[in-house]
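One file, model-v6.txt, carrying compact mmCIF, C-alpha atoms:
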```
# COMPACT_ATOMS: atom_id res chain seq x y z
CA PHE A 1 150.18 85.24 44.01
CA ALA A 2 148.52 82.15 45.42
CA ALA A 3 145.08 83.22 44.17
CA VAL A 4 146.44 83.91 40.67
CA THR A 5 148.29 80.61 40.65
CA THR A 6 145.24 78.58 41.66
CA SER A 7 142.97 80.29 39.13
CA LEU A 8 145.32 80.52 36.14
CA SER A 9 147.06 77.16 36.52
CA PRO A 10 144.40 74.47 36.12
CA ALA A 11 147.10 72.02 35.13
CA ALA A 12 148.79 72.30 38.54
CA PRO A 13 148.31 69.38 40.93
CA ARG A 14 145.22 69.65 43.08
CA GLU A 15 147.28 69.22 46.22
CA MET A 16 149.38 72.25 45.31
CA ARG A 17 146.30 74.34 44.55
CA LEU A 18 144.72 73.36 47.87
CA VAL A 19 147.90 74.25 49.74
CA LEU A 20 147.93 77.67 48.09
CA LEU A 21 144.24 78.21 48.90
CA LEU A 22 144.90 77.23 52.51
CA ALA A 23 147.75 79.72 52.62
CA VAL A 24 145.49 82.46 51.23
CA GLY A 25 142.85 81.68 53.83
CA ASN A 26 145.31 81.79 56.72
CA VAL A 27 146.83 85.08 55.55
CA ALA A 28 143.39 86.63 55.10
CA SER A 29 142.33 85.38 58.54
CA PHE A 30 145.44 86.88 60.16
CA MET A 31 144.91 90.24 58.41
CA HIS A 32 141.26 90.27 59.43
CA HIS A 33 142.08 89.63 63.09
CA ALA A 34 144.71 92.36 63.00
CA SER A 35 142.54 95.09 61.43
CA GLU A 36 138.85 94.15 61.93
CA PRO A 37 137.90 96.39 59.01
CA TYR A 38 134.10 96.34 59.28
CA ASP A 39 131.84 98.71 61.16
CA ASN A 40 130.96 97.86 64.76
CA GLN A 41 127.21 97.91 64.18
CA SER A 42 125.20 95.12 65.82
CA GLY A 43 128.02 94.15 68.14
CA VAL A 44 130.78 93.53 65.55
CA LEU A 45 128.43 91.19 63.68
CA LEU A 46 130.13 91.66 60.31
CA ASP A 47 133.60 90.97 61.72
CA THR A 48 132.27 87.87 63.48
CA LEU A 49 130.65 86.50 60.33
CA GLU A 50 133.77 87.21 58.28
CA CYS A 51 135.93 85.44 60.85
CA GLN A 52 133.64 82.41 60.81
CA ALA A 53 133.62 82.35 57.01
CA LEU A 54 137.43 82.39 56.87
CA ARG A 55 137.62 79.58 59.42
CA LEU A 56 135.22 77.50 57.35
CA PHE A 57 137.25 78.23 54.21
CA CYS A 58 140.50 77.10 55.84
CA ALA A 59 138.87 74.04 57.43
CA THR A 60 137.34 72.95 54.11
CA ALA A 61 140.64 73.41 52.28
CA ALA A 62 142.42 71.38 54.96
CA ALA A 63 139.75 68.66 54.79
CA LEU A 64 140.06 68.41 50.99
CA LEU A 65 143.83 68.35 51.24
CA LEU A 66 143.63 65.55 53.82
CA GLY A 67 141.27 63.57 51.62
CA MET A 68 143.43 63.87 48.50
CA SER A 69 146.69 63.10 50.27
CA ARG A 70 145.62 59.44 50.68
CA THR A 71 147.39 59.21 54.02
CA VAL A 72 144.20 58.62 56.02
CA ASN A 73 141.51 55.98 55.76
CA PRO A 74 138.97 56.92 53.06
CA ASP A 75 136.08 56.51 55.47
CA VAL A 76 137.65 59.00 57.86
CA CYS A 77 138.20 61.43 54.97
CA ALA A 78 134.56 61.06 53.93
CA VAL A 79 133.39 61.86 57.47
CA VAL A 80 135.66 64.93 57.63
CA LEU A 81 134.42 66.21 54.27
CA ALA A 82 130.79 65.60 55.22
CA THR A 83 131.35 67.52 58.45
CA ALA A 84 132.87 70.45 56.53
CA LEU A 85 129.97 70.54 54.06
CA THR A 86 127.44 70.38 56.90
CA ALA A 87 129.18 73.31 58.60
CA HIS A 88 128.95 75.25 55.32
CA LEU A 89 125.24 74.51 55.10
CA PHE A 90 124.59 75.71 58.65
CA PHE A 91 126.62 78.86 58.01
CA ILE A 92 124.58 79.65 54.89
CA LEU A 93 121.38 79.13 56.87
CA LYS A 94 122.72 81.47 59.54
CA LEU A 95 123.41 84.16 56.94
CA PHE A 96 119.93 83.69 55.52
CA ARG A 97 118.44 84.07 59.01
CA HIS A 98 120.32 87.34 59.53
CA PHE A 99 119.14 88.51 56.11
CA LEU A 100 115.48 87.79 56.93
CA ARG A 101 115.84 89.40 60.35
CA ASN A 102 117.12 92.64 58.81
CA ILE A 103 114.30 92.62 56.24
CA ARG A 104 111.76 92.26 59.06
CA ARG A 105 113.44 95.08 60.95
CA SER A 106 113.43 97.37 57.89
CA ILE A 107 109.73 96.77 57.27
CA ALA A 108 108.95 97.50 60.94
CA ASP A 109 110.92 100.75 60.76
CA SER A 110 109.01 101.74 57.63
CA VAL A 111 105.73 101.36 59.57
CA VAL A 112 107.03 103.76 62.24
CA ALA A 113 108.24 106.18 59.55
CA ALA A 114 104.82 106.10 57.87
CA HIS A 115 103.14 106.78 61.20
CA MET A 116 105.41 109.80 61.75
CA GLN A 117 104.30 111.18 58.38
CA GLY A 118 100.63 110.68 59.17
CA MET A 119 100.20 107.79 56.75
CA VAL A 120 98.84 104.30 57.28
CA ALA A 121 100.99 101.26 56.48
CA GLY A 122 99.72 98.22 54.63
CA TRP A 123 98.41 95.04 56.18
CA LEU A 124 101.55 93.01 55.51
CA ALA A 125 103.80 95.71 56.93
CA LYS A 126 101.67 95.84 60.09
CA CYS A 127 101.95 92.08 60.49
CA MET A 128 105.73 92.31 60.21
CA PHE A 129 105.74 95.14 62.75
CA LYS A 130 103.76 93.02 65.24
CA TRP A 131 106.20 90.17 64.73
CA GLU A 132 109.14 92.51 65.32
CA ALA A 133 107.42 93.94 68.42
CA ARG A 134 107.04 90.45 69.91
CA VAL A 135 110.73 89.78 69.29
CA ARG A 136 111.73 93.08 70.87
CA GLN A 137 109.84 92.22 74.04
CA LYS A 138 112.40 89.48 74.69
CA GLN A 139 115.45 91.72 74.23
CA ALA A 140 117.32 93.99 76.61
CA HIS A 141 116.38 97.67 76.72
CA VAL A 142 118.59 100.66 77.43
CA SER A 143 117.15 103.66 79.23
CA TYR A 144 118.46 106.86 80.74
CA ARG A 145 117.49 107.33 84.38
CA GLU A 146 117.38 111.06 84.96
CA ASP A 147 117.00 110.72 88.73
CA VAL A 148 120.46 109.14 89.13
CA ASP A 149 122.05 110.30 85.85
CA ALA A 150 122.77 106.73 84.75
CA ILE A 151 122.50 104.68 81.57
CA GLU A 152 120.73 101.46 82.57
CA VAL A 153 120.60 98.14 80.73
CA ALA A 154 117.72 95.99 81.85
CA ALA A 155 115.27 93.40 80.56
CA ALA A 156 112.08 94.58 78.93
CA PRO A 157 109.16 95.21 81.32
CA GLU A 158 107.32 92.26 79.76
CA GLU A 159 110.31 89.97 80.51
CA ALA A 160 111.44 91.29 83.89
CA ASP A 161 112.87 87.93 85.03
CA ARG A 162 115.01 87.48 81.93
CA GLU A 163 118.79 87.71 82.28
CA ILE A 164 120.72 90.17 80.14
CA GLN A 165 122.74 88.36 77.49
CA ASP A 166 126.46 89.00 76.99
CA HIS A 167 126.03 90.18 73.41
CA GLU A 168 123.44 92.76 74.51
CA GLN A 169 125.88 94.19 77.06
CA HIS A 170 128.47 94.12 74.28
CA PHE A 171 126.21 96.37 72.17
CA VAL A 172 126.19 99.06 74.85
CA ALA A 173 129.91 98.72 75.56
CA CYS A 174 130.82 99.03 71.87
CA GLY A 175 128.63 102.11 71.43
CA LEU A 176 130.10 103.93 74.42
CA ALA A 177 133.65 102.87 73.48
CA ASP A 178 133.21 104.21 69.93
CA CYS A 179 132.12 107.57 71.33
CA LEU A 180 135.14 107.77 73.62
CA VAL A 181 137.52 106.77 70.84
CA HIS A 182 136.01 109.38 68.52
CA ALA A 183 136.28 112.12 71.15
CA VAL A 184 139.87 111.35 72.18
CA ALA A 185 141.48 110.01 69.00
CA GLU A 186 139.64 111.86 66.23
CA CYS A 187 138.49 115.09 67.91
CA LYS A 188 141.83 115.35 69.76
CA VAL A 189 140.20 116.10 73.11
CA ASP A 190 142.91 116.22 75.78
CA ARG A 191 140.55 116.85 78.71
CA LEU A 192 137.41 114.73 78.92
CA SER A 193 134.77 115.60 81.49
CA VAL A 194 133.21 112.87 83.60
CA ARG A 195 129.88 114.34 82.45
CA PHE A 196 130.60 113.17 78.92
CA LEU A 197 128.68 109.92 79.44
CA GLU A 198 125.71 111.88 80.75
CA TYR A 199 125.83 114.05 77.63
CA ILE A 200 125.95 110.92 75.45
CA GLY A 201 122.94 109.40 77.18
CA ARG A 202 120.82 112.53 77.13
CA THR A 203 121.62 113.42 73.51
CA THR A 204 121.01 109.88 72.23
CA PHE A 205 117.50 109.73 73.67
CA ALA A 206 116.73 113.33 72.74
CA LEU A 207 117.53 112.60 69.09
CA ASN A 208 115.37 109.46 69.06
CA THR A 209 112.45 110.60 71.24
CA GLU A 210 109.85 110.93 68.52
CA ARG A 211 110.74 107.66 66.81
CA LEU A 212 110.60 105.73 70.10
CA GLN A 213 107.26 107.26 71.07
CA ARG A 214 105.87 106.62 67.60
CA GLU A 215 106.91 102.98 67.91
CA VAL A 216 104.91 102.72 71.13
CA ALA A 217 101.96 104.45 69.43
CA VAL A 218 101.95 101.98 66.55
CA ARG A 219 102.18 99.07 68.97
CA MET A 220 99.19 100.46 70.87
CA GLN A 221 97.35 100.90 67.53
CA GLN A 222 96.85 104.64 67.94
CA PRO A 223 95.70 106.53 64.82
CA ALA A 224 98.38 108.01 62.63
CA TRP A 225 96.87 111.49 62.88
CA VAL A 226 97.47 111.61 66.64
CA ARG A 227 100.69 113.62 66.56
CA ARG A 228 100.90 116.10 69.41
CA SER A 229 99.34 113.79 71.99
CA LEU A 230 102.51 111.69 72.00
CA HIS A 231 104.48 114.55 73.54
CA SER A 232 103.80 116.78 76.47
CA GLN A 233 102.72 120.33 75.66
CA THR A 234 106.10 121.65 76.74
CA ALA A 235 108.08 119.09 74.78
CA SER A 236 106.16 119.83 71.58
CA LEU A 237 107.48 123.41 71.64
CA LYS A 238 111.09 122.38 72.14
CA SER A 239 112.74 121.93 68.78
CA SER A 240 116.44 121.98 69.72
CA VAL A 241 118.24 118.90 70.92
CA SER A 242 119.86 120.81 73.77
CA LEU A 243 116.45 121.62 75.24
CA ARG A 244 115.01 118.17 74.66
CA SER A 245 118.05 116.67 76.38
CA PHE A 246 116.73 118.00 79.69
CA ASP A 247 113.07 117.20 79.10
CA SER A 248 111.79 114.26 81.13
CA ALA A 249 109.54 113.20 78.25
CA SER A 250 112.64 112.26 76.24
CA PHE A 251 113.52 109.47 78.67
CA GLN A 252 110.14 107.84 79.19
CA VAL A 253 110.71 105.15 76.54
CA GLY A 254 113.79 102.94 76.35
CA MET A 255 115.43 101.50 73.25
CA LEU A 256 117.00 98.18 72.37
CA ALA A 257 120.65 97.66 73.16
CA GLY A 258 121.41 97.24 69.45
CA ASP A 259 119.53 100.45 68.60
CA PHE A 260 121.46 102.28 71.30
CA GLN A 261 124.75 101.20 69.77
CA GLY A 262 123.53 102.17 66.29
CA ALA A 263 122.48 105.63 67.51
CA LEU A 264 125.86 106.20 69.14
CA ASN A 265 127.75 104.89 66.14
```

Show me the file's structure as structure tokens.
Amino acid sequence: FAAVTTSLSPAAPREMRLVLLLAVGNVASFMHHASEPYDNQSGVLLDTLECQALRLFCATAAALLLGMSRTVNPDVCAVVLATALTAHLFFILKLFRHFLRNIRRSIADSVVAAHMQGMVAGWLAKCMFKWEARVRQKQAHVSYREDVDAIEVAAAPEEADREIQDHEQHFVACGLADCLVHAVAECKVDRLSVRFLEYIGRTTFALNTERLQREVAVRMQQPAWVRRSLHSQTASLKSSVSLRSFDSASFQVGMLAGDFQGALN
């Protein structure tokens, strides 16, 4: 009702329209916090951005309402409005940065996919892949340690002294939590083995073994036609996931925390 009123009643006072817009923003923010409708990929990134956008919307509406109410000094109103506009600008730049980051990631994945098909990627795609590889060296990696049957989150070997960030641990936690919720709530499992986490870890790396090893091959600039040399002779004959889940070659290469969550999701 408020949205229809503000759009179809241009003759209404601006203060009334701003009040209605502020009400719409607060209701939408409350509903978003209650439901969190977006997928949990990338550590609830979409829900976080939506929450920030709604906060900016409500803050801008409140700033405009304060400026038009004429109850505060005009200079103070100008500073508040300038602050709101600056926050909008920084938020747009943040969205643009996420957009460019995902484009870079997609191009890097296409280089790995081309290598898996025995093709050679273009010069620009290779440059983007090298850029992405340098960025990945500074991010946390998840690996499955077969000797202790544990999923380990650690810094990349090139950045051994780097501390694990909270959002990277959040990636792993969200991925594992989604698996547990799916097993208990959707699959109606009433008895969950303590080996379930081991199964999750083994299966995740078994399904992504070739892609992870191909990524290392591209980073080491190995020819695209080198296919079987990336796997051990035994692993090359194992086509089923259940067999690869117990092959040590499947756990030699770790993956990013965000990739681990995406694979589990």

Inset, instruction - Could you please determine the separation between atom CA of A:Asn40 and atom CA of A:Val112 in Å, to one decimal place? - result: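 Separating atom CA of A:Asn40 from atom CA of A:Val112 is a distance of 24.8 Å.
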
What are the nearest atom pairs, with distances in Å to one decimal, for all residues of stretch 130-165 of chain A that come at most 12 Å from stretch 78-101 of chain A, using all atoms listed in the file, set out by chain and rising residue number as a Markdown table?
```
| residue | atom | partner | partner_atom | distance |
| --- | --- | --- | --- | --- |
| A:Trp131 | CA | A:Arg101 | CA | 10.6 |
| A:Glu132 | CA | A:Arg101 | CA | 8.9 |
| A:Val135 | CA | A:Arg101 | CA | 10.3 |
| A:Arg136 | CA | A:Arg101 | CA | 11.9 |
```

Inset, instruction - Please indicate the distance in Å from atom CA of A:Glu168 to atom CA of A:Gly258, rounded to one decimal place. - result: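 Between these atoms lies a distance of 7.1 Å.
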
Inset, instruction - Go through A:Ala257, A:Met31, A:Leu56, A:Val44 one by one, measure the shortest atom-to-atom distance of each to A:Ala154 using all atoms listed in the file, and give the residue with the smallest value. - result: A:Ala257

Legend entry - Best match for closeness to A:Ala59 among A:Ser29, A:Leu192, A:Asp39, A:Pro74, counting only C-alpha atoms: A:Ser29

Legend entry - Residue nearest A:Gln213 - candidates A:Leu264, A:Ile164, A:Ala183, A:Val253, atoms counted: all atoms listed in the file: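 Looking only at the distances to A:Gln213, the closest residue turns out to be A:Val253.
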
Inset, instruction - Considering only C-alpha atoms, return as a ChimeraX atom specification whatever protein or nucleic-acid residues lie within 12 Å of A:Ser69, sequence-local ones (same chain, fewer than 5 positions apart) excluded. - result: /A:13-16,18-19,62-64,74,77

Legend entry - Shortest interatomic distance to A:Gln137 - which of A:Cys187, A:Ala113, A:Ala156, A:Val216, counting only C-alpha atoms: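 Nearest to A:Gln137: A:Ala156.
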
Inset, instruction - One decimal, Å: what's the distance from atom CA of A:Gln252 over to atom CA of A:Leu180, could you say? - result: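 Going from atom CA of A:Gln252 over to atom CA of A:Leu180 covers 25.6 Å.
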
Legend entry - Counting only C-alpha atoms, the residue of A:Leu46, A:Cys51, A:Ala61, A:Val72 that sits nearest A:Ala23: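 Distance minimum relative to A:Ala23 lands on A:Ala61.
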
Legend entry - Distance query A:Ser110 at most 9 Å, all atoms listed in the file, self and fewer than 3 positions along chain excluded, as an MDAnalysis selection string: chainID A and resid 105:107 113:115 121 125 129

Legend entry - Shortest interatomic distance to A:Asp166 - which of A:Ala140, A:Leu22, A:Leu124, A:Ala150, counting all atoms listed in the file: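 That would be A:Ala140, the residue with the smallest distance to A:Asp166.
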
Inset, instruction - Tell me which protein, DNA and RNA residues are within 12 Å of A:Gln41, counting only C-alpha atoms, leaving out same-chain ones fewer than 3 positions away, and put them as a ChimeraX atom specification. - result: /A:37-38,44-48,170-175,178,257-265

My structure is short of atoms at stretch 53-64 of chain A; please model all heavy atoms there, returning them as a compact mmCIF listing (two decimals), in the frame of the given file.
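The resulting file, part.txt, is shown below:
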```
# COMPACT_ATOMS: atom_id res chain seq x y z
N ALA A 53 133.51 82.77 58.41
CA ALA A 53 133.62 82.35 57.01
C ALA A 53 135.06 81.97 56.66
O ALA A 53 135.29 80.97 55.95
CB ALA A 53 133.14 83.48 56.10
N LEU A 54 136.03 82.73 57.14
CA LEU A 54 137.43 82.39 56.87
C LEU A 54 137.83 81.08 57.55
O LEU A 54 138.60 80.29 56.98
CB LEU A 54 138.33 83.54 57.34
CG LEU A 54 138.25 84.83 56.50
CD1 LEU A 54 139.03 85.95 57.17
CD2 LEU A 54 138.77 84.58 55.09
N ARG A 55 137.33 80.85 58.75
CA ARG A 55 137.62 79.58 59.42
C ARG A 55 137.05 78.40 58.64
O ARG A 55 137.70 77.36 58.49
CB ARG A 55 137.05 79.61 60.83
CG ARG A 55 137.79 80.52 61.80
CD ARG A 55 137.11 80.54 63.15
NE ARG A 55 137.79 81.43 64.09
CZ ARG A 55 137.35 81.70 65.31
NH1 ARG A 55 136.23 81.12 65.74
NH2 ARG A 55 138.02 82.52 66.09
N LEU A 56 135.82 78.57 58.16
CA LEU A 56 135.22 77.50 57.35
C LEU A 56 136.01 77.26 56.07
O LEU A 56 136.19 76.12 55.64
CB LEU A 56 133.78 77.86 57.02
CG LEU A 56 132.73 77.54 58.10
CD1 LEU A 56 131.37 78.06 57.67
CD2 LEU A 56 132.67 76.04 58.35
N PHE A 57 136.46 78.36 55.45
CA PHE A 57 137.25 78.23 54.21
C PHE A 57 138.53 77.44 54.47
O PHE A 57 138.87 76.51 53.72
CB PHE A 57 137.57 79.63 53.69
CG PHE A 57 138.41 79.63 52.44
CD1 PHE A 57 137.83 79.47 51.19
CD2 PHE A 57 139.78 79.81 52.52
CE1 PHE A 57 138.61 79.47 50.04
CE2 PHE A 57 140.57 79.80 51.39
CZ PHE A 57 139.98 79.63 50.14
N CYS A 58 139.25 77.80 55.53
CA CYS A 58 140.50 77.10 55.84
C CYS A 58 140.24 75.64 56.24
O CYS A 58 140.99 74.74 55.83
CB CYS A 58 141.23 77.83 56.97
SG CYS A 58 141.83 79.48 56.53
N ALA A 59 139.17 75.41 57.01
CA ALA A 59 138.87 74.04 57.43
C ALA A 59 138.49 73.18 56.25
O ALA A 59 138.89 72.00 56.15
CB ALA A 59 137.74 74.06 58.47
N THR A 60 137.73 73.73 55.30
CA THR A 60 137.34 72.95 54.11
C THR A 60 138.55 72.65 53.24
O THR A 60 138.69 71.53 52.73
CB THR A 60 136.29 73.73 53.31
OG1 THR A 60 135.18 74.04 54.15
CG2 THR A 60 135.80 72.90 52.13
N ALA A 61 139.42 73.65 53.06
CA ALA A 61 140.64 73.41 52.28
C ALA A 61 141.52 72.35 52.93
O ALA A 61 142.07 71.47 52.25
CB ALA A 61 141.41 74.72 52.11
N ALA A 62 141.62 72.39 54.26
CA ALA A 62 142.42 71.38 54.96
C ALA A 62 141.78 70.00 54.85
O ALA A 62 142.48 68.99 54.67
CB ALA A 62 142.57 71.78 56.42
N ALA A 63 140.43 69.94 54.91
CA ALA A 63 139.75 68.66 54.79
C ALA A 63 139.94 68.07 53.40
O ALA A 63 140.18 66.86 53.24
CB ALA A 63 138.26 68.83 55.10
N LEU A 64 139.84 68.90 52.35
CA LEU A 64 140.06 68.41 50.99
C LEU A 64 141.50 67.96 50.79
O LEU A 64 141.77 66.94 50.12
CB LEU A 64 139.70 69.51 49.99
CG LEU A 64 138.21 69.84 49.86
CD1 LEU A 64 138.01 71.07 48.98
CD2 LEU A 64 137.45 68.66 49.28
```
